[in-house]
$ cat upload-v4.cif   # mmCIF, C-alpha atoms
data_structure
loop_
_atom_site.label_atom_id
_atom_site.label_comp_id
_atom_site.auth_asym_id
_atom_site.auth_seq_id
_atom_site.Cartn_x
_atom_site.Cartn_y
_atom_site.Cartn_z
CA MET A 196 0.00 0.00 0.00
CA THR A 197 1.61 3.22 -1.12
CA GLU A 198 -1.05 5.81 -0.53
CA ALA A 199 0.39 9.27 -0.05
CA PHE A 200 -0.83 11.98 2.25
CA PRO A 201 -0.86 15.33 0.45
CA VAL A 202 -1.23 18.56 2.36
CA SER A 203 -2.64 21.74 0.82
CA HIS A 204 -1.68 25.12 2.25
CA ASP A 205 -3.82 27.80 0.67
CA ASP A 206 -3.79 29.73 3.92
CA SER A 207 -0.16 29.49 4.89
CA PRO A 208 1.78 32.57 5.98
CA VAL A 209 4.05 34.43 3.61
CA SER A 210 6.76 32.28 2.09
CA ASP A 211 9.41 32.50 -0.59
CA GLN A 212 8.20 29.21 -2.02
CA THR A 213 6.39 29.31 -5.35
CA PRO A 214 2.74 28.26 -5.42
CA THR A 215 3.41 25.60 -8.06
CA GLN A 216 6.25 23.87 -6.24
CA LYS A 217 5.50 20.23 -5.44
CA ILE A 218 7.56 18.12 -3.06
CA VAL A 219 7.36 14.38 -2.35
CA PHE A 220 9.16 13.30 0.82
CA ALA A 221 10.40 9.71 0.70
CA LEU A 222 11.88 7.96 3.72
CA ARG A 223 15.39 8.58 2.36
CA SER A 224 14.80 12.34 1.96
CA PRO A 225 17.39 14.12 4.15
CA ARG A 226 15.04 17.03 5.00
CA LEU A 227 12.31 14.66 6.17
CA TRP A 228 14.75 13.27 8.73
CA ILE A 229 14.81 16.72 10.33
CA VAL A 230 11.11 16.33 11.12
CA ALA A 231 11.50 12.69 12.20
CA ILE A 232 14.39 13.42 14.58
CA LEU A 233 12.67 16.49 16.03
CA LEU A 234 9.48 14.51 16.57
CA LEU A 235 11.31 11.72 18.35
CA ALA A 236 13.44 14.03 20.49
CA LEU A 237 10.62 16.38 21.54
CA ALA A 238 8.03 13.64 22.18
CA ALA A 239 10.52 11.56 24.17
CA GLY A 240 11.59 14.63 26.13
CA ALA A 241 7.99 15.55 26.91
CA GLN A 242 7.28 12.01 28.12
CA LEU A 243 10.41 12.04 30.30
CA ILE A 244 9.32 15.33 31.92
CA GLY A 245 6.00 13.70 32.80
CA PRO A 246 2.89 15.38 34.18
CA ALA A 247 2.95 18.49 36.35
CA VAL A 248 0.20 19.10 38.94
CA ILE A 249 -0.57 22.68 39.91
CA PRO A 250 -2.91 22.99 42.94
CA VAL A 251 -5.78 25.46 42.51
CA GLY A 252 -7.71 25.60 45.76
CA ALA A 253 -9.45 22.27 46.30
CA ALA A 254 -8.85 21.29 42.67
CA ALA A 255 -5.74 21.10 40.53
CA ILE A 256 -4.51 21.71 37.00
CA THR A 257 -2.65 18.74 35.54
CA ILE A 258 -0.35 19.49 32.62
CA LEU A 259 0.21 16.21 30.80
CA PRO A 260 3.26 15.34 28.66
CA MET A 261 1.21 15.86 25.50
CA VAL A 262 0.95 19.57 26.38
CA TRP A 263 4.74 19.81 26.77
CA GLY A 264 5.08 18.16 23.37
CA LEU A 265 2.65 20.57 21.74
CA ILE A 266 4.35 23.61 23.26
CA ALA A 267 7.85 22.39 22.37
CA GLY A 268 6.85 21.57 18.80
CA GLY A 269 5.14 24.93 18.42
CA LEU A 270 8.19 26.79 19.69
CA VAL A 271 10.51 24.92 17.34
CA SER A 272 8.31 25.53 14.30
CA SER A 273 7.68 29.22 15.00
CA GLN A 274 10.87 30.64 16.59
CA ASN A 275 12.54 33.41 14.61
CA TRP A 276 16.16 32.29 14.92
CA LYS A 277 15.87 29.28 12.58
CA PRO A 278 12.18 28.50 12.01
CA LEU A 279 11.15 25.16 10.57
CA GLY A 280 10.64 25.49 6.81
CA LEU A 281 7.12 25.54 5.49
CA ASP A 282 7.78 22.35 3.54
CA LEU A 283 8.78 20.59 6.77
CA GLN A 284 5.77 21.96 8.62
CA ALA A 285 3.63 20.63 5.78
CA ALA A 286 5.33 17.24 6.12
CA ALA A 287 4.54 17.33 9.86
CA SER A 288 0.88 17.97 8.99
CA ALA A 289 0.87 14.89 6.77
CA ILE A 290 2.40 12.76 9.53
CA MET A 291 -0.15 14.15 11.99
CA GLY A 292 -3.01 13.07 9.70
CA LEU A 293 -1.92 9.47 10.16
CA ALA A 294 -0.99 9.89 13.83
CA VAL A 295 -4.57 10.75 14.74
CA LEU A 296 -5.69 7.52 13.05
CA LEU A 297 -3.15 5.63 15.15
CA LEU A 298 -4.75 7.29 18.16
CA CYS A 299 -8.16 6.03 16.99
CA ALA A 300 -6.75 2.53 16.56
CA ARG A 301 -5.63 2.50 20.20
CA LEU A 302 -8.99 3.93 21.28
CA SER A 303 -10.91 1.24 19.38
CA PHE A 304 -9.36 -1.51 21.47
CA THR A 305 -10.90 -0.04 24.63
CA ILE A 306 -14.39 -0.19 23.10
CA GLY A 307 -14.75 -3.89 22.39
CA PRO A 308 -14.18 -5.22 25.94
CA ASN A 309 -16.82 -2.79 27.23
CA ILE A 310 -19.44 -3.30 24.54
CA GLN A 311 -21.75 -5.13 26.95
CA LEU A 312 -22.14 -1.90 28.89
CA LEU A 313 -24.35 -0.62 26.08
CA PHE A 314 -26.73 -3.50 26.68
CA GLU A 315 -26.53 -3.36 30.46
CA ALA A 316 -26.75 0.41 30.96
CA GLY A 317 -30.11 1.85 31.86
CA PRO A 318 -31.91 4.32 29.59
CA ALA A 319 -30.71 7.25 31.71
CA LEU A 320 -27.07 6.40 31.03
CA LEU A 321 -27.72 6.19 27.32
CA LEU A 322 -29.92 9.26 27.04
CA GLN A 323 -27.49 11.51 28.91
CA GLU A 324 -25.31 11.36 25.80
CA LEU A 325 -27.89 13.72 24.24
CA GLY A 326 -26.75 16.35 26.72
CA HIS A 327 -23.16 16.05 25.61
CA LEU A 328 -24.26 16.14 21.97
CA PHE A 329 -26.51 19.19 22.05
CA GLY A 330 -25.07 21.13 24.99
CA THR A 331 -22.07 22.56 23.17
CA ILE A 332 -23.89 23.07 19.87
CA ALA A 333 -26.89 24.79 21.47
CA LEU A 334 -24.96 27.34 23.52
CA ALA A 335 -21.24 27.44 22.73
CA LEU A 336 -21.66 27.51 18.95
CA PRO A 337 -23.91 30.62 18.85
CA LEU A 338 -21.51 32.35 21.28
CA ALA A 339 -18.55 31.56 19.02
CA VAL A 340 -20.46 32.94 16.03
CA LEU A 341 -21.25 36.07 18.01
CA LEU A 342 -17.54 36.45 18.82
CA ARG A 343 -16.72 35.95 15.11
CA MET A 344 -14.44 32.97 15.51
CA GLY A 345 -15.02 32.06 11.86
CA PRO A 346 -15.02 28.47 10.55
CA ALA A 347 -12.95 27.44 13.60
CA THR A 348 -16.30 27.63 15.42
CA VAL A 349 -17.37 24.26 14.00
CA GLY A 350 -14.31 22.41 15.29
CA ALA A 351 -14.33 24.15 18.66
CA THR A 352 -18.00 23.62 19.49
CA PHE A 353 -19.29 20.36 18.00
CA SER A 354 -18.06 18.68 21.22
CA ILE A 355 -15.70 19.43 24.11
CA ASP A 356 -12.94 18.20 21.80
CA ARG A 357 -10.97 15.39 23.29
CA GLU A 358 -8.62 13.03 21.47
CA GLY A 359 -11.08 11.49 19.00
CA SER A 360 -12.14 14.93 17.79
CA PHE A 361 -8.80 15.42 16.05
CA ALA A 362 -9.47 12.44 13.82
CA MET A 363 -13.09 13.39 13.11
CA VAL A 364 -12.28 16.93 11.99
CA SER A 365 -9.07 15.93 10.21
CA GLU A 366 -10.99 13.28 8.26
CA ARG A 367 -13.74 15.69 7.22
CA TYR A 368 -11.92 19.00 6.75
CA GLY A 369 -8.20 18.18 6.71
CA PRO A 370 -5.41 18.92 9.22
CA ASP A 371 -4.80 22.41 7.79
CA SER A 372 -8.39 23.62 8.02
CA ASP A 373 -9.76 26.38 10.24
CA GLN A 374 -12.05 23.75 11.76
CA TYR A 375 -9.00 21.75 12.83
CA ARG A 376 -7.47 24.84 14.45
CA GLY A 377 -10.72 25.21 16.39
CA VAL A 378 -10.35 21.66 17.72
CA LEU A 379 -6.73 22.33 18.68
CA SER A 380 -7.64 25.52 20.57
CA MET A 381 -10.48 23.84 22.45
CA TYR A 382 -8.36 20.79 23.22
CA VAL A 383 -5.61 22.87 24.78
CA PHE A 384 -8.15 24.88 26.80
CA GLY A 385 -9.87 21.72 28.04
CA THR A 386 -6.59 20.01 28.88
CA LEU A 387 -5.36 22.94 30.96
CA PHE A 388 -8.58 24.10 32.60
CA GLY A 389 -11.24 21.45 31.96
CA ALA A 390 -10.83 19.47 35.17
CA VAL A 391 -10.81 22.57 37.39
CA LEU A 392 -13.77 24.10 35.57
CA ILE A 393 -15.98 21.02 35.61
CA SER A 394 -15.10 20.42 39.27
CA LEU A 395 -16.43 23.87 40.15
CA ILE A 396 -19.55 23.38 38.00
CA ALA A 397 -20.29 19.97 39.53
CA SER A 398 -19.75 21.32 43.03
CA LEU A 399 -22.13 24.21 42.39
CA ALA A 400 -24.77 21.96 40.82
CA THR A 401 -24.52 19.56 43.77
CA SER A 402 -24.97 22.39 46.27
CA PHE A 403 -28.38 23.24 44.78
CA ASN A 404 -29.76 19.90 46.09
CA ILE A 405 -32.15 19.65 43.15
CA PHE A 406 -30.38 16.87 41.21
CA ASP A 407 -30.11 13.19 42.01
CA PRO A 408 -26.45 12.40 42.84
CA LEU A 409 -26.57 9.65 40.21
CA ALA A 410 -27.67 12.16 37.57
CA LEU A 411 -24.75 14.38 38.57
CA ALA A 412 -22.47 11.36 38.24
CA MET A 413 -23.84 10.51 34.79
CA GLY A 414 -23.15 14.04 33.60
CA ALA A 415 -19.50 13.60 34.61
CA GLY A 416 -18.93 11.19 31.71
CA VAL A 417 -17.98 13.88 29.18
CA GLY A 418 -15.40 11.70 27.44
CA SER A 419 -12.35 12.90 29.40
CA GLY A 420 -10.89 10.82 32.20
CA SER A 421 -9.52 13.78 34.12
CA MET A 422 -12.74 15.79 33.82
CA MET A 423 -14.81 12.76 34.79
CA ALA A 424 -12.69 12.15 37.88
CA ALA A 425 -12.83 15.83 38.90
CA ALA A 426 -16.62 16.08 38.55
CA ALA A 427 -17.23 12.75 40.30
CA ALA A 428 -14.97 13.81 43.18
CA SER A 429 -17.06 16.95 43.71
CA VAL A 430 -20.24 14.88 43.86
CA VAL A 431 -18.66 12.33 46.21
CA SER A 432 -17.51 15.08 48.57
CA ALA A 433 -21.13 16.15 49.01
CA HIS A 434 -22.54 12.59 49.12
CA PRO A 435 -19.83 10.39 50.70
CA GLU A 436 -22.41 7.74 51.56
CA MET A 437 -22.89 7.12 47.81
CA ALA A 438 -19.22 7.21 46.85
CA ASP A 439 -19.08 3.76 45.27
CA GLN A 440 -22.28 4.27 43.28
CA VAL A 441 -21.27 7.72 42.07
CA LEU A 442 -17.82 6.60 40.93
CA ALA A 443 -19.16 3.48 39.21
CA VAL A 444 -21.88 5.41 37.37
CA ALA A 445 -19.47 8.19 36.36
CA ALA A 446 -16.94 5.70 35.00
CA THR A 447 -19.65 3.81 33.11
CA SER A 448 -21.02 7.03 31.68
CA ASN A 449 -17.55 8.04 30.52
CA ILE A 450 -17.04 4.71 28.79
CA ILE A 451 -20.41 4.96 27.06
CA THR A 452 -19.52 8.43 25.85
CA GLY A 453 -16.34 6.95 24.43
CA LEU A 454 -18.29 4.10 22.80
CA LEU A 455 -20.92 6.30 21.16
CA GLY A 456 -18.94 9.52 20.85
CA VAL A 457 -17.04 8.65 17.68
CA TYR A 458 -20.10 7.62 15.69
CA VAL A 459 -22.34 10.36 17.08
CA GLY A 460 -19.61 12.95 16.57
CA MET A 461 -18.78 11.93 13.00
CA TYR A 462 -22.28 11.41 11.67
CA VAL A 463 -24.45 13.67 13.84
CA ALA A 464 -22.64 16.35 15.86
CA LEU A 465 -20.08 17.51 13.30
CA PRO A 466 -22.48 17.76 10.32
CA LEU A 467 -25.08 19.40 12.58
CA ALA A 468 -22.59 21.99 13.85
CA ASP A 469 -21.48 22.71 10.30
CA ARG A 470 -25.06 23.22 9.14
CA ILE A 471 -26.02 25.43 12.09
CA TYR A 472 -22.87 27.50 11.64
CA GLY A 473 -23.73 27.98 7.98
CA ALA A 474 -27.29 29.05 8.85
CA LEU A 475 -26.13 31.52 11.51
CA THR A 476 -23.51 33.14 9.30
CA LYS A 477 -25.67 33.82 6.23
CA ARG A 478 -25.18 37.55 6.43
CA SER A 479 -23.03 40.32 5.02
CA LYS A 480 -19.43 40.16 6.18
CA THR A 481 -18.12 42.82 8.49
CA THR A 482 -15.24 45.08 7.50
CA SER A 483 -12.79 43.12 9.68
CA GLU A 484 -13.85 39.84 8.08
CA ARG A 485 -13.45 41.25 4.59
CA LYS A 486 -9.95 42.46 5.48
CA ALA A 487 -9.07 39.00 6.79
CA ASP A 488 -10.27 37.43 3.55
CA THR A 489 -8.22 39.78 1.37
CA ALA A 490 -5.03 39.74 3.47
CA PRO A 491 -2.00 38.62 1.43
CA ARG A 492 -1.38 34.92 1.86
CA ALA A 493 1.36 33.16 -0.04
CA VAL A 494 0.93 29.51 -0.95
CA ALA A 495 3.38 27.04 0.53
CA PRO A 496 4.68 24.11 -1.53
CA SER A 497 2.35 21.21 -2.14
CA VAL A 498 3.83 18.44 0.01
CA THR A 499 3.13 14.74 -0.26
CA VAL A 500 4.42 12.13 2.18
CA PRO A 501 3.86 8.48 1.19
CA LEU A 502 2.17 6.14 3.62
CA THR A 503 5.22 3.88 3.48
CA THR A 504 7.27 6.79 4.77
CA ILE A 505 4.97 7.92 7.59
CA VAL A 506 4.30 4.48 9.08
CA PRO A 507 7.94 3.67 10.01
CA ILE A 508 8.37 7.12 11.58
CA LEU A 509 5.27 6.69 13.75
CA PHE A 510 6.13 3.08 14.61
CA VAL A 511 9.66 3.82 15.82
CA GLY A 512 8.66 7.04 17.57
CA GLY A 513 5.61 5.43 19.13
CA VAL A 514 7.49 2.43 20.50
CA ILE A 515 10.15 4.67 22.07
CA VAL A 516 7.68 7.12 23.67
CA SER A 517 5.44 4.30 24.90
CA SER A 518 8.46 2.49 26.36
CA ILE A 519 9.43 5.64 28.25
CA ALA A 520 5.87 5.84 29.64
CA ALA A 521 6.01 2.17 30.65
CA GLY A 522 9.46 2.48 32.22
CA GLY A 523 11.16 0.11 29.79
CA VAL A 524 10.97 -1.62 26.43
CA SER A 525 8.99 -4.85 26.22
CA ARG A 526 8.09 -7.32 23.50
CA SER A 527 4.38 -6.71 24.12
CA ILE A 528 4.75 -2.99 23.37
CA ILE A 529 6.42 -3.78 20.05
CA VAL A 530 3.79 -6.38 19.17
CA GLY A 531 1.07 -4.00 20.32
CA TYR A 532 2.36 -1.33 17.95
CA LEU A 533 2.49 -3.87 15.14
CA ILE A 534 -1.18 -4.63 15.77
CA LEU A 535 -2.06 -0.93 15.88
CA THR A 536 -0.16 -0.32 12.65
CA GLY A 537 -1.89 -3.23 10.96
CA LEU A 538 -5.30 -1.89 11.97
CA LEU A 539 -4.34 1.57 10.76
CA LEU A 540 -3.32 0.23 7.33
CA LEU A 541 -6.49 -1.85 7.15
CA GLY A 542 -8.65 1.20 7.88
CA VAL A 543 -6.87 3.28 5.24
CA GLY A 544 -7.29 0.39 2.80
CA VAL A 545 -11.05 0.23 3.43
CA ALA A 546 -11.30 3.98 2.84
CA ARG A 547 -9.45 3.63 -0.47
CA LEU A 548 -11.53 0.68 -1.65
CA THR A 549 -14.78 2.50 -0.87
CA ARG A 550 -13.42 5.76 -2.33
CA GLY A 551 -13.96 7.55 0.94
CA LYS A 552 -17.57 6.45 1.45
CA ILE A 553 -16.39 4.70 4.61
CA ALA A 554 -14.02 7.01 6.46
CA ALA A 555 -10.74 5.48 7.57
CA MET A 556 -11.43 6.52 11.15
CA ILE A 557 -14.83 4.79 11.21
CA ALA A 558 -13.36 1.64 9.66
CA ILE A 559 -10.56 1.59 12.24
CA ILE A 560 -12.87 2.15 15.21
CA THR A 561 -15.37 -0.48 14.03
CA ILE A 562 -12.84 -3.18 13.16
CA GLY A 563 -10.88 -2.62 16.36
CA ALA A 564 -14.01 -2.74 18.51
CA LEU A 565 -15.24 -5.95 16.84
CA ALA A 566 -11.83 -7.60 17.19
CA THR A 567 -11.84 -7.09 20.96
CA THR A 568 -15.44 -7.92 21.88
CA PRO A 569 -15.96 -10.74 24.39
CA TRP A 570 -17.12 -12.91 21.48
CA SER A 571 -13.96 -12.44 19.42
CA PRO A 572 -11.57 -15.43 19.43
CA ILE A 573 -8.59 -13.05 19.44
CA GLY A 574 -10.15 -10.49 21.78
CA ASP A 575 -8.24 -11.38 24.95
CA PHE A 576 -4.87 -11.56 23.21
CA VAL A 577 -5.33 -8.29 21.34
CA SER A 578 -6.67 -6.41 24.37
CA SER A 579 -3.92 -7.57 26.70
CA THR A 580 -1.15 -6.93 24.18
CA VAL A 581 -2.30 -3.53 22.96
CA GLY A 582 -3.12 -2.62 26.56
CA THR A 583 0.62 -2.36 27.24
CA VAL A 584 0.78 0.58 24.81
CA ASP A 585 0.04 3.65 26.90
CA PHE A 586 -2.81 5.63 25.33
CA LEU A 587 -1.52 8.98 26.58
CA SER A 588 1.90 8.29 25.06
CA ILE A 589 0.25 8.21 21.62
CA CYS A 590 -1.42 11.51 22.49
CA THR A 591 2.05 12.90 23.28
CA LEU A 592 3.37 11.74 19.91
CA THR A 593 0.34 13.15 18.05
CA LEU A 594 0.35 16.57 19.70
CA THR A 595 4.12 16.91 19.34
CA VAL A 596 3.90 16.50 15.57
CA ALA A 597 0.91 18.85 15.64
CA GLY A 598 3.17 21.39 17.32
CA LEU A 599 5.78 20.98 14.59
CA SER A 600 3.16 21.98 12.04
CA LEU A 601 1.89 24.88 14.15
CA GLY A 602 4.19 27.72 13.09
CA LYS A 603 2.41 28.30 9.81
CA ASP A 604 -0.92 28.42 11.63
CA LEU A 605 -0.04 30.90 14.38
CA PRO A 606 -1.38 33.98 12.55
CA LEU A 607 -4.75 32.29 12.19
CA LEU A 608 -4.71 30.86 15.72
CA LYS A 609 -4.13 34.39 17.00
CA THR A 610 -7.44 35.41 15.42
CA ILE A 611 -9.10 32.94 17.83
CA GLY A 612 -7.01 34.13 20.79
CA TRP A 613 -8.98 35.00 23.91
CA LYS A 614 -12.27 33.99 22.30
CA ILE A 615 -11.65 30.34 23.12
CA VAL A 616 -11.87 31.14 26.85
CA PRO A 617 -15.58 32.12 27.04
CA VAL A 618 -16.45 29.61 24.33
CA GLY A 619 -14.60 26.84 26.18
CA ILE A 620 -16.24 27.68 29.50
CA VAL A 621 -19.71 27.64 27.97
CA ALA A 622 -19.01 24.42 26.05
CA ILE A 623 -17.92 22.48 29.15
CA LEU A 624 -20.64 24.00 31.34
CA ALA A 625 -23.39 23.30 28.79
CA SER A 626 -22.19 19.75 28.08
CA TYR A 627 -22.20 18.82 31.77
CA LEU A 628 -25.36 20.57 32.92
CA LEU A 629 -27.55 19.56 29.98
CA SER A 630 -26.41 15.97 30.40
CA VAL A 631 -27.34 16.13 34.10
CA VAL A 632 -30.78 17.52 33.28
CA VAL A 633 -31.43 14.77 30.71
CA ALA A 634 -30.23 12.10 33.15
CA GLU A 635 -32.40 13.54 35.93
CA PHE A 636 -35.45 13.36 33.69
CA ALA A 637 -34.64 9.82 32.57
CA LEU A 638 -34.08 8.62 36.14
CA GLY A 639 -37.45 10.01 37.19
CA LEU A 640 -39.12 8.41 34.19
CA TRP A 641 -37.72 4.92 34.63
CA HIS A 642 -37.44 4.69 38.42
#
$ encode --input "upload-v4.cif" --output "structure tokens"
Amino acid sequence: MTEAFPVSHDDSPVSDQTPTQKIVFALRSPRLWIVAILLLALAAGAQLIGPAVIPVGAAAITILPMVWGLIAGGLVSSQNWKPLGLDLQAAASAIMGLAVLLLCARLSFTIGPNIQLLFEAGPALLLQELGHLFGTIALALPLAVLLRMGPATVGATFSIDREGSFAMVSERYGPDSDQYRGVLSMYVFGTLFGAVLISLIASLATSFNIFDPLALAMGAGVGSGSMMAAAAASVVSAHPEMADQVLAVAATSNIITGLLGVYVGMYVALPLADRIYGALTKRSKTTSERKADTAPRAVAPSVTVPLTTIVPILFVGGVIVSSIAAGGVSRSIIVGYLILTGLLLLGVGVARLTRGKIAAMIAIITIGALATTPWSPIGDFVSSTVGTVDFLSICTLTLTVAGLSLGKDLPLLKTIGWKIVPVGIVAILASYLLSVVVAEFALGLWH
């Protein structure tokens, strides 16, 4: 399989490159090795630094290695002394497009073993997903439109943007789209402040004494482990007698959000956000928007990186970063990465055979989930082997390469700037509270 990953840069910052220049990076290309070595060094360094916990009152902000990787990559690609060339940033974008699919492959293997939860969960646990789906779109999206965030609005507000969102938006719009920059902005905001914010929201909602503690626990399952833990802890502190129930329900809710989130996000939330954004922005453009549209933007070279080039880079880098996270190299990590790589190639192959009618991400998630269900003959082996590959280490690898492609996007990210703060607050608040309200109603209906 020799599919290549082209990257278009119609919105890149000024460059000396000619618009017609086309570059194909093979594995033996010396300049590509600059990106590969930087990716390995920065991702490994970020993983070695590890997480940093900053206490904030009763809560805390946890800065994970993936954030260090993103920051380091961004600094390298954008510093003025010797900035990373636009062709290399474009190559990093191509590598990132496949890295997010690798992330989905690892995520898929957590779905299969928990598939029975969908059958065992009560209606309240299933219906609360509606709160996560419509909460951000109903409130955060109109706010982002009001603040004139532009097309980045769609990526920033179709969900609270955790790991799977990168793949969804990259698959639909491409890794150099405004929508993708919206996801990146929201992801960084949620990573830095999400746990603290949702902890405060859950604590406040609990203090009203109008919601069932189990409904508050169900709302905690927003698809982020750290946010789920923070929200559940706030509920437990007010209802210590129900600690076990609250934690179990919150964890189950979070898993269900992970199970349904990819399909709901890809086929419902993202198209719905796009359509609503289009309906809300059918108006004459303001003077500032017209100036942004007509600002001089040079076109960077058209860069293509073959699949056979990207896969070895991700495999070697992934094994090293995952081994650092695990505290040592093991055969199971190597075999686990071989399985992940095989699933990734299979998903890309399905997308090619169906000419994109079945997205690679959906193929990967579905095949991986089916391979690890309790009824799969290889389920136990695959789950235990791939389980040795640390999920967050793949996030570190993915966001580091995202950082290496970030320099060209900084002018456009600056247009989002402070706007992501109110939009992010409303998105997380709306996702949690609407989910709690739906769960409260469902509990009253079925109990």
$ closest_residue --input "upload-v4.cif" --among "A:Ser600, A:Val391, A:Val577, A:Val633" --to "Pro250 in chain A" --atoms "all atoms listed in the file"
A:Val391
$ residues_around --input "upload-v4.cif" --residues "Val349 in chain A" --least-positions-apart "2" --cutoff "6 Å" --atoms "only C-alpha atoms" --output "PyMOL selection string"
chain A and resi 346-347+351-353+374+468-469
$ write_last_selection --input "upload-v4.cif" --atoms "C-alpha atoms" --output "PDB file, in the coordinates of the input"
ATOM      1  CA  PRO A 346     -15.020  28.470  10.550  1.00  0.00           C
ATOM      2  CA  ALA A 347     -12.950  27.440  13.600  1.00  0.00           C
ATOM      3  CA  ALA A 351     -14.330  24.150  18.660  1.00  0.00           C
ATOM      4  CA  THR A 352     -18.000  23.620  19.490  1.00  0.00           C
ATOM      5  CA  PHE A 353     -19.290  20.360  18.000  1.00  0.00           C
ATOM      6  CA  GLN A 374     -12.050  23.750  11.760  1.00  0.00           C
ATOM      7  CA  ALA A 468     -22.590  21.990  13.850  1.00  0.00           C
ATOM      8  CA  ASP A 469     -21.480  22.710  10.300  1.00  0.00           C
TER       9      ASP A 469
END
$ resolve_selection --input "upload-v4.cif" --expression "the PyMOL selection byres ((chain A and resi 348) around 12)" --output "PyMOL selection string"
chain A and resi 331-332+334-347+349-356+364+372-381+465+468-473+475-476+610-611+614-615+618-619+622
$ closest_residue --input "upload-v4.cif" --among "A:Ala294, A:Ala238, A:Val248, A:Val441" --to "Met261 in chain A" --atoms "only C-alpha atoms"
A:Ala238
$ atom_distance --input "upload-v4.cif" --atom1 "CA of Ala446 in chain A" --atom2 "CA of Asp407 in chain A"
16.7 Å
$ closest_residue --input "upload-v4.cif" --among "A:Leu541, A:Ala438, A:Ala546, A:Ile306" --to "Thr568 in chain A" --atoms "all atoms listed in the file"
A:Ile306
$ resolve_selection --input "upload-v4.cif" --expression "the PyMOL selection byres ((chain A and resi 506) around 12)" --output "PyMOL selection string"
chain A and resi 196-200+221-222+231+289-294+296-297+500-505+507-513+532-533+535-540+543
$ residues_around --input "upload-v4.cif" --residues "Ile560 in chain A" --least-positions-apart "4" --cutoff "12 Å" --atoms "only C-alpha atoms" --output "PyMOL selection string"
chain A and resi 295-307+359+362-363+453-458+461+535+538-539+541-543+553-556+564-567
$ write_last_selection --input "upload-v4.cif" --atoms "C-alpha atoms" --output "JSON list (two decimals), in the frame of the given file"
[["chain", "number", "residue", "atom", "x", "y", "z"],
["A", 295, "VAL", "CA", -4.57, 10.75, 14.74],
["A", 296, "LEU", "CA", -5.69, 7.52, 13.05],
["A", 297, "LEU", "CA", -3.15, 5.63, 15.15],
["A", 298, "LEU", "CA", -4.75, 7.29, 18.16],
["A", 299, "CYS", "CA", -8.16, 6.03, 16.99],
["A", 300, "ALA", "CA", -6.75, 2.53, 16.56],
["A", 301, "ARG", "CA", -5.63, 2.50, 20.20],
["A", 302, "LEU", "CA", -8.99, 3.93, 21.28],
["A", 303, "SER", "CA", -10.91, 1.24, 19.38],
["A", 304, "PHE", "CA", -9.36, -1.51, 21.47],
["A", 305, "THR", "CA", -10.90, -0.04, 24.63],
["A", 306, "ILE", "CA", -14.39, -0.19, 23.10],
["A", 307, "GLY", "CA", -14.75, -3.89, 22.39],
["A", 359, "GLY", "CA", -11.08, 11.49, 19.00],
["A", 362, "ALA", "CA", -9.47, 12.44, 13.82],
["A", 363, "MET", "CA", -13.09, 13.39, 13.11],
["A", 453, "GLY", "CA", -16.34, 6.95, 24.43],
["A", 454, "LEU", "CA", -18.29, 4.10, 22.80],
["A", 455, "LEU", "CA", -20.92, 6.30, 21.16],
["A", 456, "GLY", "CA", -18.94, 9.52, 20.85],
["A", 457, "VAL", "CA", -17.04, 8.65, 17.68],
["A", 458, "TYR", "CA", -20.10, 7.62, 15.69],
["A", 461, "MET", "CA", -18.78, 11.93, 13.00],
["A", 535, "LEU", "CA", -2.06, -0.93, 15.88],
["A", 538, "LEU", "CA", -5.30, -1.89, 11.97],
["A", 539, "LEU", "CA", -4.34, 1.57, 10.76],
["A", 541, "LEU", "CA", -6.49, -1.85, 7.15],
["A", 542, "GLY", "CA", -8.65, 1.20, 7.88],
["A", 543, "VAL", "CA", -6.87, 3.28, 5.24],
["A", 553, "ILE", "CA", -16.39, 4.70, 4.61],
["A", 554, "ALA", "CA", -14.02, 7.01, 6.46],
["A", 555, "ALA", "CA", -10.74, 5.48, 7.57],
["A", 556, "MET", "CA", -11.43, 6.52, 11.15],
["A", 564, "ALA", "CA", -14.01, -2.74, 18.51],
["A", 565, "LEU", "CA", -15.24, -5.95, 16.84],
["A", 566, "ALA", "CA", -11.83, -7.60, 17.19],
["A", 567, "THR", "CA", -11.84, -7.09, 20.96]]
$ closest_residue --input "upload-v4.cif" --among "A:Ile405, A:Leu411, A:Val545, A:Ile519" --to "Ile244 in chain A" --atoms "all atoms listed in the file"
A:Ile519
$ atom_distance --input "upload-v4.cif" --atom1 "CA of Ile249 in chain A" --atom2 "CA of Gly330 in chain A"
28.7 Å
$ atom_distance --input "upload-v4.cif" --atom1 "CA of Ile451 in chain A" --atom2 "CA of Ile620 in chain A"
23.2 Å
$ resolve_selection --input "upload-v4.cif" --expression "the PyMOL selection byres ((chain A and resi 266) around 12)" --output "VMD selection string"
chain A and resid 237 to 238 240 to 241 258 to 265 267 to 274 383 591 594 to 602
$ residues_around --input "upload-v4.cif" --residues "Ser402 in chain A" --least-positions-apart "4" --cutoff "10 Å" --atoms "all atoms listed in the file" --output "CSV table (one decimal) with C-alpha atoms, in the coordinates of the input"
chain,number,residue,atom,x,y,z
A,396,ILE,CA,-19.6,23.4,38.0
A,397,ALA,CA,-20.3,20.0,39.5
A,398,SER,CA,-19.8,21.3,43.0
A,406,PHE,CA,-30.4,16.9,41.2
A,429,SER,CA,-17.1,17.0,43.7
A,430,VAL,CA,-20.2,14.9,43.9
A,433,ALA,CA,-21.1,16.2,49.0
$ residues_near_point --input "upload-v4.cif" --point "(-31.5, 20.0, 34.3)" --cutoff "10 Å" --atoms "all atoms listed in the file" --output "PyMOL selection string"
chain A and resi 326+400+405-406+410-411+627-636
